[in-house]
Amino acid sequence: VLPVESGGGLVQAGGSLRLSCTVSGAITSVFNSKIMAWYRQAPGKQRELVATVTRLGSTNYADSVQGRFTISRDNSRKRVYLQMNSLQPDDTAVYYCNDDRRELSWGQGTQVTVSS
């Protein structure tokens with residue numbers, strides 16, 4: 001199962017982006033059983049967990065994005081979203097979606113670049 005991420009781009013500090021991830025290759029029941037997550041990897045750094053969302057919509061966030069990012073999901077469409085507001089240069093990274101156990105294949109990700 002290969003997630004496909006989209007929605008990245010170049011934005012000025014303080015701006016917003018909305019990322020989308022489609023996990024179309026997954027059986028719906030399997031997708032719904034998973035806690036889905038967004039991760040990011042900045043140049044020279046390890047991949048880090050950004051946010052998670054359960055099937056019923058319960059969410060958790062890394063301290064660095066709390067209050068600025070919102071994760072959500074559409075179970076019928078097998079999609080996961082990440083609304084990113086008040087973006088900062090430190091948010092620059094390639095963003096990936098996967099489940100919270102990293103059991104899916106890694107997609108190509110989507111590049112987010114925030115200029116100061």
# chains A, B, ... in the order shown; residues from 1 in each chain; ligands from 1

$ closest_atom_pairs --of "region 61-112 of chain A" --to "region 31-52 of chain A" --cutoff "6 Å" --atoms "only C-alpha atoms" --output "Markdown table"
| residue | atom | partner | partner_atom | distance |
| --- | --- | --- | --- | --- |
| A:Tyr61 | CA | A:Ala51 | CA | 4.3 |
| A:Ala62 | CA | A:Val50 | CA | 5.2 |
| A:Ala93 | CA | A:Ala42 | CA | 4.2 |
| A:Val94 | CA | A:Gln41 | CA | 5.3 |
| A:Tyr95 | CA | A:Arg40 | CA | 4.3 |
| A:Tyr96 | CA | A:Tyr39 | CA | 5.1 |
| A:Cys97 | CA | A:Trp38 | CA | 4.4 |
| A:Asn98 | CA | A:Ala37 | CA | 5.5 |
| A:Asp99 | CA | A:Met36 | CA | 4.2 |
| A:Asp100 | CA | A:Ala37 | CA | 5.6 |

$ select_by_dssp --residues "chain A" --states "strand (DSSP E)" --output "PyMOL selection string"
chain A and resi 4-6+9-12+17-22+36-41+48-53+59-61+69-74+79-84+93-99+110-115

$ closest_residue --among "A:Ala13, A:Ala26, A:Leu19, A:Val112" --to "Val80 (chain A)" --atoms "only C-alpha atoms"
A:Leu19

$ residues_around --residues "Val114 (chain A)" --least-positions-apart "5" --cutoff "8 Å" --atoms "only C-alpha atoms" --output "NGL selection string"
:A and (10-13 or 87-92)

$ write_last_selection --atoms "N, CA, C and O atoms" --output "compact mmCIF listing (two decimals), in the first residue's frame"
# COMPACT_ATOMS: atom_id res chain seq x y z
N LEU A 10 5.90 26.29 -1.99
CA LEU A 10 6.71 27.36 -1.39
C LEU A 10 5.77 28.42 -0.84
O LEU A 10 4.87 28.89 -1.55
N VAL A 11 5.98 28.79 0.41
CA VAL A 11 5.11 29.76 1.05
C VAL A 11 5.96 30.65 1.95
O VAL A 11 7.00 30.22 2.47
N GLN A 12 5.52 31.87 2.14
CA GLN A 12 6.22 32.78 3.05
C GLN A 12 5.86 32.47 4.50
O GLN A 12 4.79 31.91 4.78
N ALA A 13 6.74 32.82 5.39
CA ALA A 13 6.47 32.65 6.82
C ALA A 13 5.14 33.31 7.18
O ALA A 13 4.85 34.41 6.72
N LEU A 87 2.88 29.06 9.23
CA LEU A 87 4.08 28.30 8.89
C LEU A 87 5.34 29.10 9.19
O LEU A 87 5.38 30.33 9.02
N GLN A 88 6.37 28.38 9.62
CA GLN A 88 7.65 28.97 9.97
C GLN A 88 8.76 28.31 9.16
O GLN A 88 8.59 27.18 8.70
N PRO A 89 9.89 28.98 8.99
CA PRO A 89 10.99 28.36 8.24
C PRO A 89 11.38 26.98 8.78
O PRO A 89 11.77 26.10 7.99
N ASP A 90 11.27 26.77 10.08
CA ASP A 90 11.61 25.45 10.65
C ASP A 90 10.65 24.35 10.23
O ASP A 90 10.92 23.17 10.47
N ASP A 91 9.54 24.71 9.62
CA ASP A 91 8.60 23.71 9.11
C ASP A 91 9.02 23.18 7.74
O ASP A 91 8.39 22.25 7.22
N THR A 92 10.05 23.75 7.16
CA THR A 92 10.54 23.30 5.86
C THR A 92 11.00 21.85 5.95
O THR A 92 11.84 21.50 6.78

$ closest_residue --among "A:Val53, A:Val1, A:Leu82, A:Leu104" --to "Cys21 (chain A)" --atoms "only C-alpha atoms"
A:Leu82

$ atom_distance --atom1 "CA of Ser76 (chain A)" --atom2 "CA of Ser105 (chain A)"
20.7 Å

$ select_by_dssp --residues "chain A" --states "helix (DSSP H, G or I)" --output "PyMOL selection string"
chain A and resi 28-33+89-91

$ write_last_selection --atoms "N, CA, C and O atoms" --output "PDB file, in the first residue's frame"
ATOM      1  N   THR A  28     -10.735  -0.518   2.624  1.00  0.00           N
ATOM      2  CA  THR A  28     -11.311   0.498   3.507  1.00  0.00           C
ATOM      3  C   THR A  28     -11.287   0.070   4.964  1.00  0.00           C
ATOM      4  O   THR A  28     -10.935   0.861   5.851  1.00  0.00           O
ATOM      5  N   SER A  29     -11.621  -1.177   5.230  1.00  0.00           N
ATOM      6  CA  SER A  29     -11.643  -1.644   6.614  1.00  0.00           C
ATOM      7  C   SER A  29     -10.249  -1.611   7.229  1.00  0.00           C
ATOM      8  O   SER A  29     -10.087  -1.339   8.427  1.00  0.00           O
ATOM      9  N   VAL A  30      -9.254  -1.895   6.409  1.00  0.00           N
ATOM     10  CA  VAL A  30      -7.879  -1.841   6.906  1.00  0.00           C
ATOM     11  C   VAL A  30      -7.493  -0.400   7.194  1.00  0.00           C
ATOM     12  O   VAL A  30      -6.912  -0.084   8.236  1.00  0.00           O
ATOM     13  N   PHE A  31      -7.793   0.500   6.271  1.00  0.00           N
ATOM     14  CA  PHE A  31      -7.500   1.918   6.492  1.00  0.00           C
ATOM     15  C   PHE A  31      -8.171   2.404   7.768  1.00  0.00           C
ATOM     16  O   PHE A  31      -7.548   3.088   8.587  1.00  0.00           O
ATOM     17  N   ASN A  32      -9.419   2.029   7.939  1.00  0.00           N
ATOM     18  CA  ASN A  32     -10.157   2.512   9.103  1.00  0.00           C
ATOM     19  C   ASN A  32      -9.621   1.952  10.421  1.00  0.00           C
ATOM     20  O   ASN A  32      -9.859   2.529  11.485  1.00  0.00           O
ATOM     21  N   SER A  33      -8.906   0.860  10.348  1.00  0.00           N
ATOM     22  CA  SER A  33      -8.364   0.276  11.572  1.00  0.00           C
ATOM     23  C   SER A  33      -7.083   0.961  12.022  1.00  0.00           C
ATOM     24  O   SER A  33      -6.610   0.727  13.135  1.00  0.00           O
ATOM     25  N   PRO A  89       9.889  28.981   8.994  1.00  0.00           N
ATOM     26  CA  PRO A  89      10.992  28.356   8.239  1.00  0.00           C
ATOM     27  C   PRO A  89      11.381  26.982   8.780  1.00  0.00           C
ATOM     28  O   PRO A  89      11.766  26.102   7.989  1.00  0.00           O
ATOM     29  N   ASP A  90      11.266  26.769  10.084  1.00  0.00           N
ATOM     30  CA  ASP A  90      11.614  25.454  10.654  1.00  0.00           C
ATOM     31  C   ASP A  90      10.651  24.352  10.230  1.00  0.00           C
ATOM     32  O   ASP A  90      10.922  23.174  10.469  1.00  0.00           O
ATOM     33  N   ASP A  91       9.540  24.708   9.623  1.00  0.00           N
ATOM     34  CA  ASP A  91       8.600  23.706   9.113  1.00  0.00           C
ATOM     35  C   ASP A  91       9.020  23.175   7.743  1.00  0.00           C
ATOM     36  O   ASP A  91       8.391  22.246   7.222  1.00  0.00           O
TER      37      ASP A  91
END

$ atom_distance --atom1 "CA of Ile71 (chain A)" --atom2 "CA of Arg102 (chain A)"
16.9 Å

$ atom_distance --atom1 "CA of Glu5 (chain A)" --atom2 "CA of Thr110 (chain A)"
5.7 Å

$ closest_residue --among "A:Arg18, A:Arg55, A:Arg68, A:Arg73" --to "Asn85 (chain A)" --atoms "only C-alpha atoms"
A:Arg68

$ residues_around --residues "Ser24 (chain A)" --least-positions-apart "4" --cutoff "9 Å" --atoms "only C-alpha atoms" --output "ChimeraX atom specification"
/A:1-4,28,77-79

$ closest_residue --among "A:Gln83, A:Gln66, A:Asn60, A:Ser116" --to "Gly7 (chain A)" --atoms "only C-alpha atoms"
A:Gln83

$ decode --residues "region 49-63 of chain A" --atoms "all heavy atoms" --output "compact mmCIF listing (two decimals), in the first residue's frame"
# COMPACT_ATOMS: atom_id res chain seq x y z
N LEU A 49 7.64 12.43 13.75
CA LEU A 49 6.19 12.39 13.77
C LEU A 49 5.65 13.79 14.01
O LEU A 49 6.08 14.48 14.93
CB LEU A 49 5.72 11.44 14.87
CG LEU A 49 4.23 11.29 15.07
CD1 LEU A 49 3.58 10.64 13.86
CD2 LEU A 49 3.95 10.45 16.33
N VAL A 50 4.68 14.18 13.20
CA VAL A 50 4.09 15.51 13.32
C VAL A 50 2.72 15.45 14.00
O VAL A 50 2.44 16.24 14.90
CB VAL A 50 3.94 16.16 11.93
CG1 VAL A 50 3.19 17.49 12.02
CG2 VAL A 50 5.30 16.36 11.29
N ALA A 51 1.88 14.52 13.55
CA ALA A 51 0.52 14.45 14.08
C ALA A 51 -0.09 13.09 13.78
O ALA A 51 0.30 12.44 12.81
CB ALA A 51 -0.35 15.55 13.47
N THR A 52 -1.04 12.68 14.62
CA THR A 52 -1.77 11.44 14.40
C THR A 52 -3.28 11.69 14.52
O THR A 52 -3.71 12.62 15.21
CB THR A 52 -1.38 10.35 15.41
OG1 THR A 52 -1.71 10.79 16.73
CG2 THR A 52 0.10 10.03 15.34
N VAL A 53 -4.05 10.81 13.86
CA VAL A 53 -5.51 10.89 13.95
C VAL A 53 -6.09 9.47 13.94
O VAL A 53 -5.71 8.64 13.12
CB VAL A 53 -6.10 11.74 12.80
CG1 VAL A 53 -5.74 11.19 11.43
CG2 VAL A 53 -7.60 11.91 12.96
N THR A 54 -6.97 9.19 14.87
CA THR A 54 -7.62 7.90 14.93
C THR A 54 -8.82 7.86 13.97
O THR A 54 -9.21 8.88 13.40
CB THR A 54 -8.12 7.58 16.34
OG1 THR A 54 -9.22 8.48 16.64
CG2 THR A 54 -7.04 7.77 17.38
N ARG A 55 -9.38 6.68 13.83
CA ARG A 55 -10.55 6.51 12.95
C ARG A 55 -11.70 7.44 13.36
O ARG A 55 -12.42 7.97 12.50
CB ARG A 55 -11.03 5.06 13.02
CG ARG A 55 -12.31 4.78 12.26
CD ARG A 55 -12.66 3.30 12.33
NE ARG A 55 -12.94 2.87 13.69
CZ ARG A 55 -14.13 2.92 14.26
NH1 ARG A 55 -15.16 3.42 13.59
NH2 ARG A 55 -14.33 2.48 15.48
N LEU A 56 -11.83 7.66 14.66
CA LEU A 56 -12.93 8.49 15.15
C LEU A 56 -12.56 9.97 15.27
O LEU A 56 -13.38 10.76 15.73
CB LEU A 56 -13.41 7.96 16.50
CG LEU A 56 -14.00 6.55 16.47
CD1 LEU A 56 -14.45 6.13 17.85
CD2 LEU A 56 -15.16 6.46 15.48
N GLY A 57 -11.33 10.31 14.88
CA GLY A 57 -10.97 11.72 14.83
C GLY A 57 -10.21 12.26 16.02
O GLY A 57 -9.97 13.47 16.08
N SER A 58 -9.80 11.42 16.93
CA SER A 58 -8.95 11.89 18.03
C SER A 58 -7.56 12.19 17.50
O SER A 58 -7.02 11.42 16.71
CB SER A 58 -8.88 10.84 19.13
OG SER A 58 -10.15 10.65 19.71
N THR A 59 -7.00 13.30 17.95
CA THR A 59 -5.73 13.76 17.39
C THR A 59 -4.67 13.98 18.45
O THR A 59 -4.98 14.22 19.62
CB THR A 59 -5.94 15.07 16.61
OG1 THR A 59 -6.49 16.06 17.51
CG2 THR A 59 -6.89 14.88 15.44
N ASN A 60 -3.42 13.91 18.00
CA ASN A 60 -2.27 14.27 18.82
C ASN A 60 -1.26 14.97 17.95
O ASN A 60 -1.16 14.67 16.74
CB ASN A 60 -1.63 13.04 19.47
CG ASN A 60 -2.30 12.67 20.77
OD1 ASN A 60 -2.22 13.39 21.75
ND2 ASN A 60 -2.98 11.54 20.76
N TYR A 61 -0.50 15.90 18.54
CA TYR A 61 0.44 16.71 17.78
C TYR A 61 1.78 16.79 18.49
O TYR A 61 1.87 16.76 19.71
CB TYR A 61 -0.11 18.13 17.62
CG TYR A 61 -1.42 18.18 16.87
CD1 TYR A 61 -2.64 18.15 17.54
CD2 TYR A 61 -1.43 18.25 15.48
CE1 TYR A 61 -3.84 18.19 16.85
CE2 TYR A 61 -2.63 18.29 14.78
CZ TYR A 61 -3.83 18.25 15.47
OH TYR A 61 -5.00 18.29 14.78
N ALA A 62 2.82 16.94 17.68
CA ALA A 62 4.12 17.27 18.23
C ALA A 62 4.04 18.67 18.83
O ALA A 62 3.29 19.53 18.35
CB ALA A 62 5.18 17.24 17.13
N ASP A 63 4.83 18.88 19.87
CA ASP A 63 4.81 20.19 20.54
C ASP A 63 5.10 21.34 19.57
O ASP A 63 4.54 22.43 19.68
CB ASP A 63 5.83 20.22 21.68
CG ASP A 63 5.42 19.35 22.86
OD1 ASP A 63 4.23 18.96 22.93
OD2 ASP A 63 6.29 19.04 23.69
